[in-house]
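Each remark here refers to the structure printed beneath this line.
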2 protein chains.
Amino acid sequence: MQIAIGLYPEFTALDAIGPYQVFTQVPGVEVVLCAAQRGRLSDDNGLLHLDIEHTFDEIAAPDLSLVPGGFVTRRLARDRDPIVDWVASTHATSTYTTSVCTGALLLGAAGILDGLDATTHWYAYDELATYGATPTEQRVVQQGKIWTAAGVSAGIDLALTLVGEIWSPELSQAIQLGIEYDPQPPYDSGAPSKADPEVLALVRAVSAEKEAAVRAG
Amino acid sequence: MQIAIGLYPEFTALDAIGPYQVFTQVPGVEVVLCAAQRGRLSDDNGLLHLDIEHTFDEIAAPDLSLVPGGFVTRRLARDRDPIVDWVASTHATSTYTTSVCTGALLLGAAGILDGLDATTHWYAYDELATYGATPTEQRVVQQGKIWTAAGVSAGIDLALTLVGEIWSPELSQAIQLGIEYDPQPPYDSGAPSKADPEVLALVRAVSAEKEAAVRAG
């Protein structure tokens with residue numbers, strides 16, 4: 001089984017590395033990081049630089065594809081970046097097509113979310129709806145072979161859910177124990193419905209600024 | 001304020017990227033990834049390759065240091081790898097010295113945990129005790145300026161706790177909302193006390209094998 005994580009410049013690191021950490025613990029699975037081009041690829045902070053070894057062309061038919069999010073997804077979707085074509089073409093033969101956070105917008109741009117429930121980062125629900133999807137406030141949403149996860153950290157929950165589904169609950173539990181995923185956040189502010197209104201307003205304002213910058217680019 | 005994440009070949013990706021994702025959202029903070037040498041550095045799966053831009057020599061006095069874990073830490077501690085010296089020397093001037101998972105063994109080898117409570121991956125409690133530390137079954141343990149976190153995914157909780165302490169609870173909550181950290185693992189198997197005995201036995205066996213391979217290296 002081949003699991004491919006499709007990347008692009010300015011992706012959000014944890015969106016990809018959360019699922020990566022889970023999937024790489026499955027015995028016998030081949031996990032591949034790929035992008036449009038080989039070589040250096042930086043995240044949205046411009047601080048984490050990956051050296052990519054595999055191109056989309058080489059990884060043309062993974063069993064499971066996963067795309068992370070990032071503010072830049074709005075521009076990638078608009079400009080039909082190569083990752084959108086990769087999502088569309090791999091979806092034709094995949095067993096699972098999945099996304100984390102605003103990676104769902106890339107699935108939308110690939111035309112595969114029309115009429116389906118899906119989730120994404122809470123800030124991007126309206127944008128997701130423009131692709132014909134029904135934004136759904138759940139951590140992980142399954143519609144047939146398409147699985148979408150909520151924002152950034154939700155990729156860990158997505159990957160553990162998929163391992164339980166594809167292999168077994170016992171394997172998923174073993175991986176959870178191995179990565180000691182017994183989360184104890186110091187605050188309970190991880191969803192708009194739980195956050196203080198002022199905190200929510202702050203994050204909305206910062207997000208609007210980042211989104212505008214991306215759209216202008 | 002400079003936050004330095006000290007890396008080494010065969011580190012565990014999520015140990016580093018969890019805190020990285022949190023700290024990089026703090027306005028005005030400088031986050032730096034550094035290692036003994038510039039250039040390519042691969043994780044413990046040999047699948048994720050980073051391009052490192054800063055050496056330990058260049059990042060000699062960060063305000064906050066963080067080291068991730070990995071099975072290889074046993075060998076790094078034994079052989080007094082450069083990262084152990086970096087932990088020791090930066091600790092002399094740091095405001096916070098921190099670790100995730102078996103990164104705590106590097107703090108131990110640097111001689112700064114003697115007589116203190118500390119935590120690490122649950123599998124490494126006995127190893128941690130050999131450095132004079134008292135292994136403590138908590139997600140995050142603070143002893144003065146030294147903060148240690150439990151296994152792998154616990155780095156996210158550590159970083160959010162530190163942001164709440166250093167800056168403000170509101171900023172930490174905003175970052176939690178931004179990364180939608182509202183964890184909903186599909187199973188409740190993230191700690192030895194919670195896992196099924198068979199799952200625990202499996203993870204112990206796999207870990208013992210990996211540890212033996214590292215010690216033989």
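By order in the structure tokens, chains are A, B, ...; within a chain, residues start at 1; ligands start at 1, following the order shown.
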
Determine, counting only C-alpha atoms, which protein, DNA and RNA residues have an atom within 9 Å of an atom of range 69-74 of chain B; residues of the same chain fewer than 2 positions away are not included. Present the result as a PDB file with N, CA and C atoms, in the first residue's frame.
ATOM      1  N   PRO B   9      20.197  13.950  13.191  1.00  0.00           N
ATOM      2  CA  PRO B   9      19.689  12.892  12.314  1.00  0.00           C
ATOM      3  C   PRO B   9      18.886  11.866  13.116  1.00  0.00           C
ATOM      4  N   GLU B  10      17.773  11.419  12.555  1.00  0.00           N
ATOM      5  CA  GLU B  10      16.891  10.414  13.162  1.00  0.00           C
ATOM      6  C   GLU B  10      16.009  10.950  14.290  1.00  0.00           C
ATOM      7  N   PHE B  11      15.794  12.270  14.294  1.00  0.00           N
ATOM      8  CA  PHE B  11      14.809  12.808  15.247  1.00  0.00           C
ATOM      9  C   PHE B  11      13.414  12.356  14.811  1.00  0.00           C
ATOM     10  N   THR B  12      12.454  12.427  15.746  1.00  0.00           N
ATOM     11  CA  THR B  12      11.067  12.093  15.427  1.00  0.00           C
ATOM     12  C   THR B  12      10.332  13.364  14.992  1.00  0.00           C
ATOM     13  N   ALA B  13       9.753  13.331  13.801  1.00  0.00           N
ATOM     14  CA  ALA B  13       9.255  14.552  13.156  1.00  0.00           C
ATOM     15  C   ALA B  13       8.225  15.323  13.997  1.00  0.00           C
ATOM     16  N   ASP B  15       7.561  15.383  17.131  1.00  0.00           N
ATOM     17  CA  ASP B  15       8.133  15.964  18.361  1.00  0.00           C
ATOM     18  C   ASP B  15       8.561  17.410  18.137  1.00  0.00           C
ATOM     19  N   ALA B  16       9.141  17.644  16.954  1.00  0.00           N
ATOM     20  CA  ALA B  16       9.654  18.980  16.638  1.00  0.00           C
ATOM     21  C   ALA B  16       8.593  19.858  15.991  1.00  0.00           C
ATOM     22  N   ASP B  43      14.787  12.449   9.171  1.00  0.00           N
ATOM     23  CA  ASP B  43      14.123  12.009  10.401  1.00  0.00           C
ATOM     24  C   ASP B  43      14.312  10.504  10.600  1.00  0.00           C
ATOM     25  N   ASP B  44      13.686   9.970  11.628  1.00  0.00           N
ATOM     26  CA  ASP B  44      13.911   8.562  11.993  1.00  0.00           C
ATOM     27  C   ASP B  44      13.260   7.567  11.029  1.00  0.00           C
ATOM     28  N   VAL B  67      14.462  20.463  22.402  1.00  0.00           N
ATOM     29  CA  VAL B  67      14.990  19.312  21.668  1.00  0.00           C
ATOM     30  C   VAL B  67      13.917  18.222  21.588  1.00  0.00           C
ATOM     31  N   LEU B  76      22.938   9.017  21.227  1.00  0.00           N
ATOM     32  CA  LEU B  76      23.464  10.391  21.298  1.00  0.00           C
ATOM     33  C   LEU B  76      23.908  10.721  22.705  1.00  0.00           C
ATOM     34  N   ALA B  77      23.124  10.251  23.691  1.00  0.00           N
ATOM     35  CA  ALA B  77      23.464  10.508  25.098  1.00  0.00           C
ATOM     36  C   ALA B  77      24.737   9.762  25.466  1.00  0.00           C
ATOM     37  N   ARG B  78      24.812   8.501  25.058  1.00  0.00           N
ATOM     38  CA  ARG B  78      25.972   7.668  25.370  1.00  0.00           C
ATOM     39  C   ARG B  78      27.251   8.228  24.756  1.00  0.00           C
ATOM     40  N   ASP B  79      27.145   8.679  23.506  1.00  0.00           N
ATOM     41  CA  ASP B  79      28.329   9.132  22.764  1.00  0.00           C
ATOM     42  C   ASP B  79      28.600  10.635  22.924  1.00  0.00           C
ATOM     43  N   SER B  99      12.220  20.084  26.433  1.00  0.00           N
ATOM     44  CA  SER B  99      12.348  18.876  25.621  1.00  0.00           C
ATOM     45  C   SER B  99      10.986  18.255  25.387  1.00  0.00           C
ATOM     46  N   VAL B 100      10.911  17.466  24.322  1.00  0.00           N
ATOM     47  CA  VAL B 100       9.730  16.662  24.022  1.00  0.00           C
ATOM     48  C   VAL B 100      10.181  15.211  23.971  1.00  0.00           C
ATOM     49  N   CYS B 101       9.390  14.318  24.559  1.00  0.00           N
ATOM     50  CA  CYS B 101       9.629  12.872  24.434  1.00  0.00           C
ATOM     51  C   CYS B 101      11.029  12.523  24.957  1.00  0.00           C
ATOM     52  N   THR B 102      11.743  11.679  24.273  1.00  0.00           N
ATOM     53  CA  THR B 102      13.077  11.271  24.747  1.00  0.00           C
ATOM     54  C   THR B 102      14.152  12.339  24.512  1.00  0.00           C
ATOM     55  N   GLY B 103      13.737  13.512  24.053  1.00  0.00           N
ATOM     56  CA  GLY B 103      14.635  14.657  24.106  1.00  0.00           C
ATOM     57  C   GLY B 103      15.103  14.881  25.550  1.00  0.00           C
ATOM     58  N   ALA B 104      14.272  14.458  26.508  1.00  0.00           N
ATOM     59  CA  ALA B 104      14.638  14.593  27.932  1.00  0.00           C
ATOM     60  C   ALA B 104      15.922  13.831  28.259  1.00  0.00           C
ATOM     61  N   LEU B 105      16.192  12.758  27.530  1.00  0.00           N
ATOM     62  CA  LEU B 105      17.433  12.005  27.781  1.00  0.00           C
ATOM     63  C   LEU B 105      18.656  12.849  27.415  1.00  0.00           C
ATOM     64  N   LEU B 106      18.481  13.737  26.437  1.00  0.00           N
ATOM     65  CA  LEU B 106      19.580  14.636  26.054  1.00  0.00           C
ATOM     66  C   LEU B 106      19.812  15.677  27.148  1.00  0.00           C
ATOM     67  N   THR B 120       9.114  12.177  30.002  1.00  0.00           N
ATOM     68  CA  THR B 120       9.641  11.733  28.717  1.00  0.00           C
ATOM     69  C   THR B 120       8.599  10.771  28.147  1.00  0.00           C
ATOM     70  N   HIS B 121       8.927  10.125  27.029  1.00  0.00           N
ATOM     71  CA  HIS B 121       8.033   9.061  26.548  1.00  0.00           C
ATOM     72  C   HIS B 121       7.900   8.011  27.657  1.00  0.00           C
ATOM     73  N   GLU B 127      15.128   4.768  31.787  1.00  0.00           N
ATOM     74  CA  GLU B 127      16.322   5.399  31.220  1.00  0.00           C
ATOM     75  C   GLU B 127      16.492   6.814  31.773  1.00  0.00           C
ATOM     76  N   GLY B 151       5.553  11.898  25.554  1.00  0.00           N
ATOM     77  CA  GLY B 151       5.914  11.417  24.226  1.00  0.00           C
ATOM     78  C   GLY B 151       5.324  12.176  23.042  1.00  0.00           C
ATOM     79  N   VAL B 152       6.139  12.336  22.013  1.00  0.00           N
ATOM     80  CA  VAL B 152       5.796  12.777  20.655  1.00  0.00           C
ATOM     81  C   VAL B 152       4.763  13.918  20.572  1.00  0.00           C
ATOM     82  N   SER B 207       9.009  -1.346  20.640  1.00  0.00           N
ATOM     83  CA  SER B 207       9.943  -0.338  21.166  1.00  0.00           C
ATOM     84  C   SER B 207      11.250  -0.986  21.626  1.00  0.00           C
ATOM     85  N   LYS B 210      13.380  -1.643  18.583  1.00  0.00           N
ATOM     86  CA  LYS B 210      13.981  -0.421  18.037  1.00  0.00           C
ATOM     87  C   LYS B 210      15.107   0.078  18.946  1.00  0.00           C
ATOM     88  N   GLU B 211      14.880  -0.007  20.249  1.00  0.00           N
ATOM     89  CA  GLU B 211      15.882   0.474  21.197  1.00  0.00           C
ATOM     90  C   GLU B 211      17.154  -0.374  21.113  1.00  0.00           C
ATOM     91  N   VAL B 214      19.210   0.548  18.140  1.00  0.00           N
ATOM     92  CA  VAL B 214      19.924   1.815  18.330  1.00  0.00           C
ATOM     93  C   VAL B 214      21.152   1.615  19.226  1.00  0.00           C
ATOM     94  N   ARG B 215      20.991   0.843  20.282  1.00  0.00           N
ATOM     95  CA  ARG B 215      22.112   0.647  21.211  1.00  0.00           C
ATOM     96  C   ARG B 215      23.249  -0.135  20.553  1.00  0.00           C
TER      97      ARG B 215
END

Could you give me, as JSON lines, a per-residue list for chain B showing, wherever an atom lies at most 7 Å from an atom of chain A, the closest pair of atoms and their distance in Å to one decimal, using only C-alpha atoms and sorting by chain then residue number from low to high?
{"residue": "B:Ala13", "atom": "CA", "partner": "A:Gln21", "partner_atom": "CA", "distance": 6.9}
{"residue": "B:Leu14", "atom": "CA", "partner": "A:Ile17", "partner_atom": "CA", "distance": 6.2}
{"residue": "B:Ile17", "atom": "CA", "partner": "A:Leu14", "partner_atom": "CA", "distance": 6.2}
{"residue": "B:Gly18", "atom": "CA", "partner": "A:Leu14", "partner_atom": "CA", "distance": 6.4}
{"residue": "B:Gln21", "atom": "CA", "partner": "A:Leu14", "partner_atom": "CA", "distance": 6.2}
{"residue": "B:His49", "atom": "CA", "partner": "A:Asp51", "partner_atom": "CA", "distance": 5.3}
{"residue": "B:Leu50", "atom": "CA", "partner": "A:Leu50", "partner_atom": "CA", "distance": 4.5}
{"residue": "B:Asp51", "atom": "CA", "partner": "A:His49", "partner_atom": "CA", "distance": 5.3}
{"residue": "B:Gly151", "atom": "CA", "partner": "A:Glu180", "partner_atom": "CA", "distance": 5.1}
{"residue": "B:Val152", "atom": "CA", "partner": "A:Ile179", "partner_atom": "CA", "distance": 5.0}
{"residue": "B:Ser153", "atom": "CA", "partner": "A:Tyr181", "partner_atom": "CA", "distance": 5.5}
{"residue": "B:Ala154", "atom": "CA", "partner": "A:Pro183", "partner_atom": "CA", "distance": 6.9}
{"residue": "B:Asp157", "atom": "CA", "partner": "A:Pro185", "partner_atom": "CA", "distance": 5.1}
{"residue": "B:Leu160", "atom": "CA", "partner": "A:Pro186", "partner_atom": "CA", "distance": 6.9}
{"residue": "B:Thr161", "atom": "CA", "partner": "A:Pro186", "partner_atom": "CA", "distance": 5.9}
{"residue": "B:Glu170", "atom": "CA", "partner": "A:Val199", "partner_atom": "CA", "distance": 6.5}
{"residue": "B:Gln173", "atom": "CA", "partner": "A:Ser189", "partner_atom": "CA", "distance": 5.4}
{"residue": "B:Ala174", "atom": "CA", "partner": "A:Val199", "partner_atom": "CA", "distance": 5.4}
{"residue": "B:Gln176", "atom": "CA", "partner": "A:Gly190", "partner_atom": "CA", "distance": 5.2}
{"residue": "B:Leu177", "atom": "CA", "partner": "A:Gly190", "partner_atom": "CA", "distance": 4.3}
{"residue": "B:Gly178", "atom": "CA", "partner": "A:Val203", "partner_atom": "CA", "distance": 6.5}
{"residue": "B:Ile179", "atom": "CA", "partner": "A:Val152", "partner_atom": "CA", "distance": 5.0}
{"residue": "B:Glu180", "atom": "CA", "partner": "A:Gly190", "partner_atom": "CA", "distance": 4.8}
{"residue": "B:Tyr181", "atom": "CA", "partner": "A:Gly190", "partner_atom": "CA", "distance": 4.6}
{"residue": "B:Asp182", "atom": "CA", "partner": "A:Gly190", "partner_atom": "CA", "distance": 4.3}
{"residue": "B:Pro183", "atom": "CA", "partner": "A:Pro183", "partner_atom": "CA", "distance": 6.7}
{"residue": "B:Gln184", "atom": "CA", "partner": "A:Asp157", "partner_atom": "CA", "distance": 6.3}
{"residue": "B:Pro185", "atom": "CA", "partner": "A:Asp157", "partner_atom": "CA", "distance": 5.1}
{"residue": "B:Pro186", "atom": "CA", "partner": "A:Thr161", "partner_atom": "CA", "distance": 5.9}
{"residue": "B:Tyr187", "atom": "CA", "partner": "A:Gln173", "partner_atom": "CA", "distance": 6.4}
{"residue": "B:Ser189", "atom": "CA", "partner": "A:Gln173", "partner_atom": "CA", "distance": 5.4}
{"residue": "B:Gly190", "atom": "CA", "partner": "A:Leu177", "partner_atom": "CA", "distance": 4.3}
{"residue": "B:Ala191", "atom": "CA", "partner": "A:Leu177", "partner_atom": "CA", "distance": 5.7}
{"residue": "B:Val199", "atom": "CA", "partner": "A:Ala174", "partner_atom": "CA", "distance": 5.4}
{"residue": "B:Val203", "atom": "CA", "partner": "A:Ala174", "partner_atom": "CA", "distance": 6.0}

Selected residues written out, C-alpha atoms, as a PDB file, in the first residue's frame:
ATOM      1  CA  ALA B  13       9.255  14.552  13.156  1.00  0.00           C
ATOM      2  CA  LEU B  14       6.111  15.345  15.161  1.00  0.00           C
ATOM      3  CA  ILE B  17       6.879  20.088  14.283  1.00  0.00           C
ATOM      4  CA  GLY B  18       4.135  20.187  16.947  1.00  0.00           C
ATOM      5  CA  GLN B  21       3.606  24.984  14.556  1.00  0.00           C
ATOM      6  CA  HIS B  49      14.507  15.342   4.667  1.00  0.00           C
ATOM      7  CA  LEU B  50      15.096  18.833   6.030  1.00  0.00           C
ATOM      8  CA  ASP B  51      17.475  21.423   4.649  1.00  0.00           C
ATOM      9  CA  GLY B 151       5.914  11.417  24.226  1.00  0.00           C
ATOM     10  CA  VAL B 152       5.796  12.777  20.655  1.00  0.00           C
ATOM     11  CA  SER B 153       2.415  14.558  20.441  1.00  0.00           C
ATOM     12  CA  ALA B 154       2.858  16.114  23.920  1.00  0.00           C
ATOM     13  CA  ASP B 157       0.576  20.784  24.812  1.00  0.00           C
ATOM     14  CA  LEU B 160       0.726  25.984  24.198  1.00  0.00           C
ATOM     15  CA  THR B 161       1.458  25.905  27.941  1.00  0.00           C
ATOM     16  CA  GLU B 170      -5.299  34.707  25.359  1.00  0.00           C
ATOM     17  CA  GLN B 173      -5.945  30.261  23.122  1.00  0.00           C
ATOM     18  CA  ALA B 174      -5.817  32.165  19.830  1.00  0.00           C
ATOM     19  CA  GLN B 176      -5.069  26.820  19.742  1.00  0.00           C
ATOM     20  CA  LEU B 177      -8.075  28.080  17.777  1.00  0.00           C
ATOM     21  CA  GLY B 178      -5.893  28.881  14.767  1.00  0.00           C
ATOM     22  CA  ILE B 179      -4.563  25.325  14.607  1.00  0.00           C
ATOM     23  CA  GLU B 180      -8.034  24.036  15.528  1.00  0.00           C
ATOM     24  CA  TYR B 181      -6.549  21.984  18.341  1.00  0.00           C
ATOM     25  CA  ASP B 182      -9.780  20.467  19.615  1.00  0.00           C
ATOM     26  CA  PRO B 183      -8.448  16.906  19.742  1.00  0.00           C
ATOM     27  CA  GLN B 184     -10.896  14.059  19.207  1.00  0.00           C
ATOM     28  CA  PRO B 185      -8.866  10.862  18.920  1.00  0.00           C
ATOM     29  CA  PRO B 186     -11.015   7.955  17.720  1.00  0.00           C
ATOM     30  CA  TYR B 187      -9.735   5.771  20.592  1.00  0.00           C
ATOM     31  CA  SER B 189      -5.385   4.565  24.043  1.00  0.00           C
ATOM     32  CA  GLY B 190      -2.821   7.341  24.373  1.00  0.00           C
ATOM     33  CA  ALA B 191      -1.322   6.335  27.736  1.00  0.00           C
ATOM     34  CA  VAL B 199      -1.863  -3.143  22.696  1.00  0.00           C
ATOM     35  CA  VAL B 203       4.099  -1.369  21.633  1.00  0.00           C
TER      36      VAL B 203
END

Problem set entry | Point-to-point distance from CA of Gln2 in chain A to CA of Ala205 in chain B, Å rounded to tenths | 25.5 Å

Problem set entry | range 5-157 of chain B: residues DSSP assigns to strand (DSSP E or B), reported as a ChimeraX atom specification | /B:5-6,11,30-35,39-43,49-52,54-55,64-67,96-100,117-118,134-135,140-143,146-149

For this session: as a ChimeraX atom specification, please: all residues of range 2-207 of chain A that backbone DSSP puts in helix (DSSP H, G or I).
Result: /A:13-23,73-78,82-91,103-109,122-129,154-166,169-178,197-207

Problem set entry | For Ala124 in chain B, the nearest of the candidates B:Leu66, B:Ala208, B:Val163, B:Ala61, counting only C-alpha atoms |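 Going through B:Leu66, B:Ala208, B:Val163, B:Ala61 one by one, the smallest distance to Ala124 in chain B is for B:Ala208.
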
Exercise. Please, what distance in Å, to one decimal, runs between CA of Tyr131 in chain A and CA of Ile112 in chain A?
Worked result: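 Rounded to one decimal, the two atoms are 8.7 Å apart.
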